[in-house]
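Novice: Handing over start20.txt, compact mmCIF, C-alpha atoms and all ligand atoms.
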```txt
# COMPACT_ATOMS: atom_id res chain seq x y z
CA MET D 366 -46.89 -63.01 -4.21
CA SER D 367 -43.41 -63.89 -5.61
CA LEU D 368 -41.89 -61.97 -8.54
CA GLU D 369 -42.42 -64.88 -10.98
CA GLU D 370 -46.08 -65.16 -9.91
CA LYS D 371 -46.50 -61.45 -10.56
CA VAL D 372 -44.80 -61.76 -13.97
CA LYS D 373 -47.10 -64.61 -14.97
CA GLU D 374 -50.17 -62.81 -13.70
CA PHE D 375 -49.14 -59.74 -15.69
CA ALA D 376 -48.82 -61.73 -18.93
CA LEU D 377 -52.08 -63.64 -18.45
CA ASP D 378 -54.04 -60.54 -17.37
CA SER D 379 -52.70 -58.74 -20.45
CA GLY D 380 -54.20 -61.37 -22.76
CA ALA D 381 -51.70 -64.24 -23.02
CA ASP D 382 -53.15 -67.78 -22.90
CA PHE D 383 -50.01 -69.36 -21.41
CA VAL D 384 -46.69 -68.29 -19.91
CA GLY D 385 -43.52 -70.02 -18.72
CA ILE D 386 -40.08 -69.11 -17.41
CA ALA D 387 -36.69 -70.37 -18.60
CA PRO D 388 -33.40 -69.96 -16.68
CA ARG D 389 -30.15 -68.78 -18.31
CA SER D 390 -28.64 -72.27 -18.03
CA ARG D 391 -31.01 -73.69 -20.68
CA PHE D 392 -29.49 -71.41 -23.35
CA GLU D 393 -25.93 -72.72 -22.92
CA ASP D 394 -26.09 -74.69 -26.18
CA THR D 395 -27.67 -71.89 -28.20
CA PRO D 396 -25.86 -71.17 -31.48
CA GLY D 397 -24.27 -67.71 -31.65
CA PHE D 398 -26.88 -66.20 -33.97
CA SER D 399 -29.75 -66.59 -31.53
CA ASP D 400 -27.89 -66.36 -28.22
CA PRO D 401 -29.70 -64.13 -25.70
CA LYS D 402 -26.29 -63.18 -24.21
CA ALA D 403 -25.62 -61.19 -27.37
CA LEU D 404 -28.78 -59.17 -26.70
CA LEU D 405 -28.65 -58.76 -22.90
CA PRO D 406 -25.29 -60.07 -21.54
CA ASP D 407 -26.41 -60.23 -17.88
CA PHE D 408 -29.78 -61.85 -18.50
CA ARG D 409 -30.94 -64.33 -15.88
CA SER D 410 -34.31 -65.51 -17.21
CA VAL D 411 -36.47 -65.58 -20.32
CA VAL D 412 -40.24 -65.21 -20.00
CA VAL D 413 -42.09 -66.88 -22.88
CA PHE D 414 -45.80 -66.56 -23.53
CA GLY D 415 -48.32 -66.91 -26.31
CA ILE D 416 -51.80 -66.78 -27.71
CA ALA D 417 -53.62 -69.82 -29.11
CA MET D 418 -55.29 -69.67 -32.49
CA ASN D 419 -59.07 -69.48 -32.41
CA ARG D 420 -60.58 -72.95 -32.92
CA GLY D 421 -63.68 -71.74 -34.78
CA ALA D 422 -61.50 -69.71 -37.14
CA LEU D 423 -59.28 -72.77 -37.72
CA LYS D 424 -62.34 -74.84 -38.63
CA ALA D 425 -63.50 -72.21 -41.12
CA TRP D 426 -59.94 -72.11 -42.54
CA PHE D 427 -59.61 -75.87 -43.02
CA SER D 428 -63.15 -76.46 -44.28
CA LYS D 429 -62.50 -73.60 -46.74
CA SER D 430 -65.73 -71.89 -45.78
CA ASN D 431 -63.87 -68.66 -44.98
CA ARG D 432 -60.27 -67.75 -44.24
CA ARG D 433 -60.82 -64.20 -43.05
CA PRO D 434 -61.48 -64.87 -39.32
CA LEU D 435 -58.11 -66.63 -38.99
CA VAL D 436 -56.28 -64.03 -41.08
CA LEU D 437 -57.71 -61.32 -38.81
CA GLN D 438 -56.85 -63.23 -35.65
CA ASP D 439 -53.32 -63.81 -36.92
CA LYS D 440 -52.86 -60.08 -37.52
CA LEU D 441 -54.34 -59.04 -34.16
CA ALA D 442 -52.73 -61.81 -32.08
CA THR D 443 -49.27 -61.11 -33.46
CA GLU D 444 -49.68 -57.40 -32.71
CA GLU D 445 -51.07 -58.20 -29.28
CA ILE D 446 -48.21 -60.43 -28.14
CA ASP D 447 -45.71 -57.79 -29.29
CA LEU D 448 -47.61 -55.24 -27.20
CA ILE D 449 -47.75 -57.54 -24.17
CA SER D 450 -43.99 -58.14 -24.38
CA MET D 451 -43.29 -54.41 -24.53
CA ARG D 452 -45.56 -53.79 -21.52
CA LEU D 453 -44.12 -56.70 -19.55
CA SER D 454 -40.53 -55.60 -20.14
CA ARG D 455 -41.39 -52.03 -19.11
CA TRP D 456 -43.11 -53.38 -15.99
CA LEU D 457 -40.01 -55.48 -15.15
CA GLU D 458 -37.82 -52.40 -15.60
CA LYS D 459 -40.01 -50.48 -13.14
CA GLN D 460 -39.23 -53.27 -10.63
CA GLY D 461 -35.51 -52.56 -11.26
CA PHE D 462 -34.59 -55.28 -13.82
CA PRO D 463 -33.29 -54.30 -17.28
CA SER D 464 -35.33 -56.32 -19.80
CA LEU D 465 -35.60 -56.68 -23.52
CA PHE D 466 -38.49 -57.66 -25.75
CA ILE D 467 -38.02 -59.28 -29.14
CA ALA D 468 -40.40 -59.03 -32.09
CA GLN D 469 -42.49 -62.17 -32.30
CA ASN D 470 -41.55 -62.50 -35.97
CA GLY D 471 -40.18 -60.75 -39.00
CA PHE D 472 -36.66 -59.89 -37.83
CA TYR D 473 -34.30 -62.15 -39.74
CA ASN D 474 -30.56 -61.73 -39.93
CA ALA D 475 -30.48 -60.95 -43.64
CA LEU D 476 -26.99 -62.29 -44.28
CA ARG D 477 -27.54 -65.67 -42.72
CA GLY D 478 -31.32 -65.92 -43.03
CA ARG D 479 -31.53 -66.47 -39.31
CA PRO D 480 -33.25 -64.72 -36.44
CA ASP D 481 -31.68 -62.79 -33.56
CA PHE D 482 -33.52 -65.07 -31.18
CA SER D 483 -35.56 -68.26 -31.53
CA HIS D 484 -38.88 -68.10 -29.70
CA LYS D 485 -39.66 -71.76 -30.38
CA HIS D 486 -36.49 -72.97 -28.64
CA ALA D 487 -37.18 -70.47 -25.82
CA ALA D 488 -40.71 -71.88 -25.40
CA VAL D 489 -39.21 -75.36 -24.96
CA ALA D 490 -36.73 -73.92 -22.43
CA ALA D 491 -39.64 -72.34 -20.53
CA GLY D 492 -41.29 -75.74 -20.04
CA LEU D 493 -44.28 -74.92 -22.24
CA GLY D 494 -43.94 -77.82 -24.69
CA ARG D 495 -41.56 -79.42 -27.19
CA LEU D 496 -40.54 -79.02 -30.81
CA GLY D 497 -42.72 -81.36 -32.87
CA LEU D 498 -41.84 -83.35 -35.98
CA SER D 499 -42.70 -80.25 -38.03
CA SER D 500 -40.01 -78.32 -36.12
CA ASN D 501 -42.77 -76.02 -34.88
CA PHE D 502 -43.13 -75.53 -31.13
CA VAL D 503 -45.98 -77.73 -29.83
CA HIS D 504 -47.66 -76.46 -26.67
CA THR D 505 -48.79 -79.10 -24.16
CA GLY D 506 -52.42 -78.00 -24.42
CA TYR D 507 -52.88 -76.05 -27.63
CA GLY D 508 -50.51 -77.88 -30.00
CA ALA D 509 -48.53 -75.92 -32.60
CA SER D 510 -51.42 -73.61 -33.50
CA VAL D 511 -50.09 -70.80 -31.31
CA HIS D 512 -48.30 -67.47 -31.59
CA ILE D 513 -45.35 -67.14 -29.20
CA THR D 514 -42.88 -64.54 -28.05
CA SER D 515 -40.27 -63.85 -25.35
CA VAL D 516 -38.96 -61.23 -22.94
CA ILE D 517 -35.32 -61.51 -21.84
CA THR D 518 -34.70 -60.10 -18.38
CA GLU D 519 -32.02 -59.62 -15.74
CA ALA D 520 -34.57 -60.63 -13.10
CA GLU D 521 -33.80 -63.97 -11.42
CA LEU D 522 -37.10 -65.85 -11.68
CA THR D 523 -37.84 -69.40 -10.55
CA PRO D 524 -37.99 -71.46 -13.76
CA ASP D 525 -40.64 -73.95 -14.83
CA PRO D 526 -39.59 -77.59 -15.27
CA LEU D 527 -38.90 -78.88 -18.78
CA VAL D 528 -41.60 -81.08 -20.33
CA SER D 529 -40.66 -84.74 -19.92
CA ASP D 530 -40.69 -87.37 -22.71
CA GLU D 531 -43.84 -88.90 -21.19
CA ASN D 532 -45.66 -85.57 -21.52
CA ASN D 533 -44.29 -84.71 -24.97
CA PRO D 534 -47.29 -83.12 -26.76
CA CYS D 535 -46.03 -84.26 -30.19
CA SER D 536 -47.71 -87.61 -30.77
CA GLY D 537 -45.66 -88.28 -33.91
CA CYS D 538 -48.91 -88.47 -35.91
CA ARG D 539 -47.16 -86.97 -39.01
CA THR D 540 -50.25 -84.96 -40.00
CA CYS D 541 -48.05 -81.86 -40.27
CA LEU D 542 -45.76 -83.63 -42.76
CA GLN D 543 -48.71 -84.91 -44.82
CA ILE D 544 -50.51 -81.59 -45.08
CA CYS D 545 -47.52 -79.69 -46.49
CA PRO D 546 -48.07 -78.84 -50.18
CA MET D 547 -44.31 -78.44 -50.69
CA GLN D 548 -42.92 -81.46 -48.80
CA ALA D 549 -40.83 -78.84 -47.03
CA MET D 550 -40.27 -80.94 -43.93
CA LYS D 551 -37.90 -83.68 -45.01
CA SER D 552 -39.36 -86.92 -43.65
CA ASP D 553 -35.99 -88.68 -44.15
CA GLN D 554 -33.73 -85.97 -42.67
CA GLN D 555 -33.53 -84.95 -39.04
CA MET D 556 -31.97 -82.18 -36.98
CA SER D 557 -31.31 -81.97 -33.30
CA PHE D 558 -30.37 -79.56 -30.53
CA PHE D 559 -29.34 -80.01 -26.91
CA MET D 560 -30.93 -78.55 -23.80
CA GLU D 561 -29.68 -79.47 -20.30
CA GLY D 562 -27.76 -82.33 -21.93
CA LYS D 563 -30.84 -83.86 -23.55
CA GLU D 564 -31.04 -84.23 -27.33
CA HIS D 565 -34.23 -82.97 -29.03
CA VAL D 566 -34.84 -84.31 -32.57
CA HIS D 567 -37.16 -83.04 -35.33
CA GLN D 568 -37.46 -83.20 -39.14
CA LYS D 569 -35.23 -80.90 -41.15
CA LEU D 570 -37.08 -77.99 -42.74
CA ASP D 571 -36.32 -76.80 -46.25
CA GLY D 572 -36.97 -73.12 -45.59
CA LEU D 573 -36.99 -72.09 -49.27
CA ARG D 574 -39.61 -74.69 -50.16
CA CYS D 575 -41.71 -73.51 -47.22
CA ALA D 576 -41.35 -69.85 -48.17
CA TRP D 577 -42.64 -70.61 -51.69
CA GLY D 578 -45.70 -72.44 -50.36
CA CYS D 579 -46.30 -70.02 -47.52
CA ALA D 580 -46.32 -67.10 -49.97
CA GLY D 581 -49.07 -68.86 -51.94
CA LEU D 582 -46.94 -69.28 -55.07
CA SER D 583 -47.82 -72.95 -55.02
CA GLY D 584 -50.31 -75.19 -53.20
CA HIS D 585 -53.53 -74.45 -55.07
CA GLU D 586 -53.90 -78.12 -55.89
CA TYR D 587 -51.89 -81.04 -54.56
CA LYS D 588 -52.36 -84.65 -53.48
CA ILE D 589 -52.59 -86.28 -50.08
CA GLY D 590 -52.74 -89.99 -50.92
CA ASN D 591 -54.98 -90.02 -53.99
CA ARG D 592 -57.09 -87.09 -52.73
CA THR D 593 -56.86 -83.73 -54.44
CA VAL D 594 -56.68 -80.94 -51.88
CA GLY D 595 -55.41 -77.36 -51.80
CA THR D 596 -54.28 -74.55 -49.53
CA TRP D 597 -55.73 -71.05 -49.97
CA ALA D 598 -53.18 -70.43 -52.76
CA TYR D 599 -54.36 -69.46 -56.24
CA ASN D 600 -51.22 -70.70 -57.95
CA ASN D 601 -49.23 -73.82 -58.75
CA ILE D 602 -46.04 -72.12 -59.95
CA PRO D 603 -43.21 -74.67 -59.92
CA LEU D 604 -40.35 -74.16 -57.49
CA PRO D 605 -37.17 -72.91 -59.27
CA GLU D 606 -34.91 -75.78 -60.24
CA LYS D 607 -31.70 -74.04 -59.18
CA ARG D 608 -31.65 -72.90 -55.59
CA ARG D 609 -29.36 -69.99 -56.38
CA ASP D 610 -32.18 -68.57 -58.59
CA PHE D 611 -34.62 -68.69 -55.68
CA TYR D 612 -34.89 -65.01 -54.71
CA TYR D 613 -34.88 -63.77 -58.30
CA LYS D 614 -37.58 -66.29 -59.27
CA PHE D 615 -39.52 -65.52 -56.09
CA LEU D 616 -39.69 -61.81 -56.96
CA GLU D 617 -40.64 -62.61 -60.53
CA ALA D 618 -43.41 -65.01 -59.47
CA ASP D 619 -44.63 -62.72 -56.69
CA ARG D 620 -44.92 -59.69 -58.98
CA PHE D 621 -45.76 -61.05 -62.40
CA LEU D 622 -47.02 -64.62 -62.24
CA ARG D 623 -49.74 -64.46 -59.61
CA HIS D 624 -53.29 -65.07 -60.78
CA PRO D 625 -54.85 -61.68 -61.70
CA LYS D 626 -57.81 -62.29 -59.41
CA GLU D 627 -55.41 -62.81 -56.58
CA LEU D 628 -53.66 -59.53 -57.33
CA ALA D 629 -57.07 -57.85 -57.10
CA GLU D 630 -57.58 -59.49 -53.70
CA ILE D 631 -54.14 -58.40 -52.48
CA ILE D 632 -54.88 -54.81 -53.54
CA ILE D 633 -58.28 -54.85 -51.81
CA THR D 634 -57.25 -56.61 -48.59
CA GLY D 635 -53.62 -55.50 -48.33
CA GLY D 636 -52.30 -59.07 -48.27
CA THR D 637 -53.44 -62.32 -46.85
CA GLU D 638 -52.36 -65.81 -45.76
CA TYR D 639 -52.21 -68.98 -47.82
CA CYS D 640 -50.64 -71.73 -45.73
CA GLY D 641 -48.95 -72.09 -42.33
CA ASN D 642 -50.86 -75.38 -42.28
CA CYS D 643 -48.19 -77.47 -40.53
CA ALA D 644 -48.67 -75.28 -37.43
CA LYS D 645 -52.40 -74.57 -37.81
CA ILE D 646 -53.37 -78.26 -38.14
CA CYS D 647 -51.67 -79.36 -34.89
CA GLN D 648 -54.24 -79.08 -32.10
CA GLY D 649 -52.60 -80.53 -29.01
CA SER D 650 -54.46 -83.85 -29.04
CA LYS D 651 -54.31 -86.47 -31.79
CA GLU D 652 -58.12 -86.69 -31.95
CA GLU D 653 -58.54 -82.95 -32.51
CA THR D 654 -55.70 -82.87 -35.06
CA VAL D 655 -57.29 -85.73 -37.01
CA ALA D 656 -60.71 -83.99 -36.84
CA MET D 657 -59.14 -80.82 -38.28
CA MET D 658 -57.38 -82.88 -40.98
CA LYS D 659 -60.73 -84.42 -41.97
CA LEU D 660 -62.04 -80.93 -42.70
CA HIS D 661 -59.01 -80.29 -44.91
CA LEU D 662 -59.33 -83.62 -46.76
CA ASN D 663 -63.01 -82.93 -47.39
CA SER D 664 -62.64 -79.34 -48.51
CA GLY D 665 -61.32 -79.75 -52.05
CA VAL D 666 -59.73 -76.86 -53.88
CA ILE D 667 -60.70 -73.18 -53.77
CA ASP D 668 -62.82 -71.85 -56.57
CA ILE D 669 -61.17 -69.16 -58.70
CA PRO D 670 -63.87 -67.73 -60.98
CA GLU D 671 -62.59 -67.51 -64.53
CA ASP D 672 -64.96 -64.82 -65.84
CA ALA D 673 -63.44 -62.00 -67.83
CA SER D 674 -64.05 -59.37 -65.17
CA LEU D 675 -61.15 -58.43 -62.95
CA LEU D 676 -63.59 -57.45 -60.23
CA LEU D 677 -63.31 -59.93 -57.44
CA ASN D 678 -66.12 -61.26 -55.37
CA LEU D 679 -64.24 -62.13 -52.20
CA THR D 680 -66.99 -64.46 -51.04
CA THR D 681 -66.95 -66.43 -54.28
CA ALA D 682 -63.18 -66.66 -54.17
CA ASN D 683 -63.52 -68.34 -50.81
CA ALA D 684 -66.07 -70.90 -51.93
CA ARG D 685 -65.22 -74.54 -52.48
CA LEU D 686 -64.90 -75.83 -55.99
CA ASP D 687 -65.47 -79.31 -54.98
CA LYS D 688 -66.81 -80.52 -51.66
CA TYR D 689 -66.82 -84.23 -51.33
CA HIS D 690 -66.95 -86.68 -48.53
CA VAL D 691 -63.91 -88.82 -47.87
CA PRO D 692 -64.96 -92.18 -46.42
CA GLU D 693 -63.84 -92.81 -42.84
CA GLU D 694 -61.72 -95.89 -43.80
CA GLU D 695 -59.89 -93.87 -46.42
CA ILE D 696 -59.10 -91.12 -43.92
CA LYS D 697 -57.77 -93.69 -41.45
CA ALA D 698 -55.58 -95.23 -44.15
CA LEU D 699 -54.30 -91.80 -45.21
CA LEU D 700 -53.46 -90.77 -41.68
CA GLN D 701 -51.71 -94.04 -40.92
CA GLY D 702 -49.76 -94.14 -44.18
C1 LIG D 801 -36.90 -67.80 -39.79
C2 LIG D 801 -38.33 -68.23 -39.53
C3 LIG D 801 -38.99 -68.92 -40.53
C4 LIG D 801 -38.32 -69.33 -41.85
C5 LIG D 801 -37.36 -70.51 -41.61
C6 LIG D 801 -37.79 -71.45 -40.51
C7 LIG D 801 -36.62 -72.19 -39.84
N1 LIG D 801 -35.66 -72.68 -40.57
O1 LIG D 801 -36.62 -72.29 -38.67
C8 LIG D 801 -39.54 -69.66 -42.74
C9 LIG D 801 -39.94 -68.42 -43.52
C10 LIG D 801 -39.35 -70.80 -43.73
C11 LIG D 801 -40.60 -69.93 -41.67
C12 LIG D 801 -41.71 -70.72 -41.87
C13 LIG D 801 -42.68 -70.92 -40.92
N2 LIG D 801 -42.86 -70.26 -39.77
CO1 LIG D 801 -41.50 -69.16 -39.03
N3 LIG D 801 -40.26 -68.17 -38.13
C14 LIG D 801 -38.98 -67.88 -38.32
C15 LIG D 801 -38.36 -67.16 -37.14
C16 LIG D 801 -38.12 -65.69 -37.50
C17 LIG D 801 -37.07 -67.83 -36.62
C18 LIG D 801 -37.12 -69.36 -36.58
C19 LIG D 801 -35.87 -69.95 -35.96
O2 LIG D 801 -35.40 -69.59 -34.92
N4 LIG D 801 -35.28 -70.87 -36.62
C20 LIG D 801 -34.05 -71.48 -36.14
C21 LIG D 801 -33.24 -71.76 -37.37
C22 LIG D 801 -32.81 -70.52 -38.08
O3 LIG D 801 -32.11 -72.41 -36.95
P1 LIG D 801 -31.92 -73.95 -37.11
O4 LIG D 801 -30.74 -74.17 -37.99
O5 LIG D 801 -33.19 -74.61 -37.42
O6 LIG D 801 -31.50 -74.21 -35.59
C23 LIG D 801 -30.88 -75.37 -35.19
C24 LIG D 801 -29.71 -75.07 -34.29
O7 LIG D 801 -29.08 -73.89 -34.68
C25 LIG D 801 -30.31 -74.97 -32.92
N5 LIG D 801 -30.87 -73.76 -32.34
C26 LIG D 801 -31.34 -72.66 -32.97
N6 LIG D 801 -31.79 -71.80 -32.02
C27 LIG D 801 -31.60 -72.37 -30.81
C28 LIG D 801 -31.89 -71.92 -29.52
C29 LIG D 801 -31.62 -72.75 -28.41
C30 LIG D 801 -31.96 -72.31 -27.02
C31 LIG D 801 -31.00 -74.03 -28.60
C32 LIG D 801 -30.69 -74.90 -27.44
C33 LIG D 801 -30.71 -74.45 -29.90
C34 LIG D 801 -31.01 -73.63 -30.99
O8 LIG D 801 -31.38 -75.84 -32.99
C35 LIG D 801 -31.83 -76.06 -34.32
C36 LIG D 801 -31.84 -77.50 -34.62
O9 LIG D 801 -33.03 -78.06 -34.15
C37 LIG D 801 -39.46 -67.32 -36.01
C38 LIG D 801 -39.65 -66.08 -35.11
C39 LIG D 801 -38.53 -66.05 -34.10
N7 LIG D 801 -37.77 -64.99 -34.07
O10 LIG D 801 -38.36 -67.00 -33.37
C40 LIG D 801 -40.73 -67.67 -36.80
C41 LIG D 801 -41.62 -68.80 -36.25
C42 LIG D 801 -40.72 -69.96 -35.88
N8 LIG D 801 -42.43 -69.17 -37.39
C43 LIG D 801 -43.58 -69.56 -37.06
C44 LIG D 801 -44.51 -70.13 -37.97
C45 LIG D 801 -45.91 -70.36 -37.45
C46 LIG D 801 -44.11 -70.48 -39.27
C47 LIG D 801 -44.94 -71.19 -40.36
C48 LIG D 801 -46.00 -72.17 -39.90
C49 LIG D 801 -45.48 -70.18 -41.38
C50 LIG D 801 -46.80 -69.49 -41.11
N9 LIG D 801 -47.34 -68.84 -42.09
O11 LIG D 801 -47.39 -69.51 -40.06
C51 LIG D 801 -43.80 -71.92 -41.11
C52 LIG D 801 -43.44 -73.24 -40.40
C53 LIG D 801 -42.38 -74.02 -41.09
C54 LIG D 801 -41.91 -75.17 -40.23
N10 LIG D 801 -42.35 -76.38 -40.48
O12 LIG D 801 -41.14 -74.94 -39.30
C55 LIG D 801 -43.84 -69.41 -35.57
C56 LIG D 801 -43.79 -70.79 -34.93
C57 LIG D 801 -44.91 -71.05 -33.96
C58 LIG D 801 -44.72 -72.43 -33.42
N11 LIG D 801 -45.78 -73.04 -32.96
O13 LIG D 801 -43.63 -72.93 -33.40
C59 LIG D 801 -42.68 -68.48 -35.13
C60 LIG D 801 -42.09 -68.73 -33.74
C61 LIG D 801 -43.22 -67.04 -35.20
C62 LIG D 801 -44.09 -66.73 -33.98
N12 LIG D 801 -43.67 -65.86 -33.10
O14 LIG D 801 -45.15 -67.28 -33.78
N13 LIG D 801 -40.29 -69.36 -40.51
S1 LIG D 802 -49.09 -82.66 -36.26
FE1 LIG D 802 -48.62 -84.56 -35.11
S2 LIG D 802 -46.47 -85.08 -35.69
FE2 LIG D 802 -46.83 -82.96 -36.34
S3 LIG D 802 -46.02 -81.71 -34.65
FE3 LIG D 802 -48.25 -81.97 -34.29
S4 LIG D 802 -48.42 -83.81 -32.97
FE4 LIG D 802 -46.34 -83.80 -33.85
S1 LIG D 803 -46.12 -73.42 -43.80
FE1 LIG D 803 -47.08 -74.63 -45.44
S2 LIG D 803 -45.47 -74.81 -47.00
FE2 LIG D 803 -44.44 -74.17 -45.09
S3 LIG D 803 -43.74 -76.10 -44.15
FE3 LIG D 803 -45.75 -75.56 -43.28
S4 LIG D 803 -47.25 -76.68 -44.52
FE4 LIG D 803 -45.31 -76.63 -45.68
```
Spit out the file's structure as structure tokens when you get a sec.

Specialist:
Amino acid sequence: MSLEEKVKEFALDSGADFVGIAPRSRFEDTPGFSDPKALLPDFRSVVVFGIAMNRGALKAWFSKSNRRPLVLQDKLATEEIDLISMRLSRWLEKQGFPSLFIAQNGFYNALRGRPDFSHKHAAVAAGLGRLGLSSNFVHTGYGASVHITSVITEAELTPDPLVSDENNPCSGCRTCLQICPMQAMKSDQQMSFFMEGKEHVHQKLDGLRCAWGCAGLSGHEYKIGNRTVGTWAYNNIPLPEKRRDFYYKFLEADRFLRHPKELAEIIITGGTEYCGNCAKICQGSKEETVAMMKLHLNSGVIDIPEDASLLLNLTTANARLDKYHVPEEEIKALLQG
């Protein structure tokens, strides 16, 4: 068995759902802040792998029957891929190749608001998929609803081919743009990057808008077409008008303006998830993405009981205020619009 076959077997046997290998040459156009050369100057390959989100948990999330299975999977899967990357890099070192594993998330360069390494670009370089309109990485089988991470290594491994335009898993369906409660992905502004001379284009993301929605400060109730829908957020706190006030206003809203029932839930559960919908909704095939979007369009807005008690019934908080059926023609019109 070749070294790359062993590496892939190691990742898959350890619990990854997919794995690919990128050569050094595909990182030539990486901007300085996320250049693997800065981390491991003599690296030769990057191994990228991931875990797909659980489909049943996604259905419960989007139909608003219960968010906890997906929140739990998110917590465990993110810990698991970090563990796999540590084990894989130690295994590679035992074969004689210095290797480095990078946290799957959370490490941002505080001054520039940027990461030390971009796993989504690495996943494209490893031939696992493409960046979609949302700017999330879209896997060829699982869509964007995946957790991904990377190991940088001095081992020379045979790379996987890049995904061609014909096999691009992003269908351009725009469901990710529609579902966003914050219009954080600018439908009229694009960004691009180059890999092996080819330009890759996606919508520009307004990271501050996303952070506000992702933290659940807004999104409780919003419109898709003329339908009222919501994320799992309790709040609809307006985004600060001046961008320079963002962090101050964020802290203020996070600490003092959240719904009191939500604070009770945060204390009991130790934190939870509210959005991430642009990645969660994208299933890898247009049909499955549309089916998931139907659940969201039909699920209304979460019920926040307004009784005087601060005691929170977590089951009630997860119930739907308003479950209605959106006619098929209306869904088609919404998804084509
Ligand atoms: C910072 C960050 C955020 C920030 C900002 C996002 C952003 N601007 O990219 C915030 C907090 C807003 C955020 C939000 C979300 N995030 Co986030 N986030 C990250 C993080 C730490 C880095 C993302 C990154 O590299 N951005 C690149 C930005 C900073 O640079 P840029 O200017 O866009 O880059 C341009 C050029 O500089 C160049 N470039 C940059 N790097 C490279 C590298 C190469 C090789 C090349 C050629 C070019 C190139 O190309 C870009 C132009 O297209 C990663 C974890 C990680 N370390 O990779 C997770 C990560 C991207 N997030 C993830 C997720 C899931 C989310 C959310 C859905 C939230 C959630 N709750 O789940 C949303 C999605 C928003 C969206 N539509 O993209 C996942 C993505 C999974 C996927 N399928 O892609 C990641 C990979 C975490 C993980 N391990 O699973 N995120
Ligand atoms: S939801 Fe549709 S448009 Fe958005 S990234 Fe996925 S396939 Fe592409
Ligand atoms: S995570 Fe939510 S708020 Fe952020 S861009 Fe995606 S859909 Fe919009």

Novice: For D:Asn532, which residue out of D:Trp426, D:Gly649, D:Asp382, D:Lys588 is the nearest one, using all atoms listed in the file?

Specialist: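 Smallest distance to D:Asn532 is found for D:Gly649.
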
Novice: If I take atom CA of D:Gly562 and atom CA of D:Val413, how far is one from the other in Å, to one decimal?

Specialist: 21.1 Å

Novice: Using all atoms listed in the file, which of the listed residues (D:Leu498, D:Ser583, D:Gly380, D:Cys538) sits closest to D:Gln554?

Specialist: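 Ranking D:Leu498, D:Ser583, D:Gly380, D:Cys538 by distance to D:Gln554, first place goes to D:Leu498.
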
Novice: Please identify the residues whose atoms come within 12 Å of ligand LIG 802 (chain D), using all atoms listed in the file, and report them as a PyMOL selection string.

Specialist: chain D and resi 494-511+532-545+550+552+566-568+642-658+700-701

Novice: Could you pull out the residues sitting within 7 Å of ligand LIG 801 (chain D), using all atoms listed in the file, and write them as number ranges by chain?

Specialist: D: 391-396, 399-400, 468-473, 478-487, 490, 499-503, 509-514, 550, 556-560, 566-567, 570, 572-573, 575-576, 579, 638, 640-644

Novice: Which residue is closest to ligand LIG 803 (chain D)? Choose from D:Ala549, D:Val666, D:Ala598, D:Ile633 and count all atoms listed in the file.

Specialist: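 Among D:Ala549, D:Val666, D:Ala598, D:Ile633, it is D:Ala549 that comes nearest to ligand LIG 803 (chain D).
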
Novice: For each of D:Ile669, D:Ile449, D:Tyr599, D:Tyr613, take the minimum atom-to-atom distance to D:Glu374, counting all atoms listed in the file, then give the residue where this is smallest.

Specialist: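 Of D:Ile669, D:Ile449, D:Tyr599, D:Tyr613, the one nearest D:Glu374, counting all atoms listed in the file, is D:Ile449.
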
Novice: Padding of 8 Å on every side, edges along x, y and z, all listed atoms of stretch 607-611 of chain D included: what centre and edge lengths in Å, to one decimal, does that box have, as JSON?

Specialist:
```
{"center_x": -32.0, "center_y": -71.3, "center_z": -57.4, "size_x": 21.3, "size_y": 21.5, "size_z": 19.6}
```

Novice: Which is closer to ligand LIG 803 (chain D) than all the others in D:Ala422, D:Ala488, D:Leu660, D:Leu582, using only C-alpha atoms and all ligand atoms?

Specialist: D:Leu582

Novice: Using all atoms listed in the file, which protein or nucleic acid residues come within 12 Å of D:Asn601? Drop anything in the same chain fewer than 6 positions from it, and give the result as a PyMOL selection string.

Specialist: chain D and resi 546-547+577-578+580-587+595+618+622-624+666

Novice: Nearest to D:Tyr639 among D:Ile667, D:Ile386, D:Ile517, D:Met366, with distances taken over all atoms listed in the file: which residue is it?

Specialist: D:Ile667

Novice: In Å, how far is it from atom CA of D:Arg592 to atom CA of D:Arg574?

Specialist: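 So the answer is 21.6 Å.
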
Novice: Neighbouring residues of stretch 460-467 of chain D were defined as those with any atom within 8 Å, considering all atoms listed in the file; residues of the same chain fewer than 3 positions away were excluded. Please report them as a ChimeraX atom specification.

Specialist: /D:404-405,408,447,450-451,454-457,482,514-520
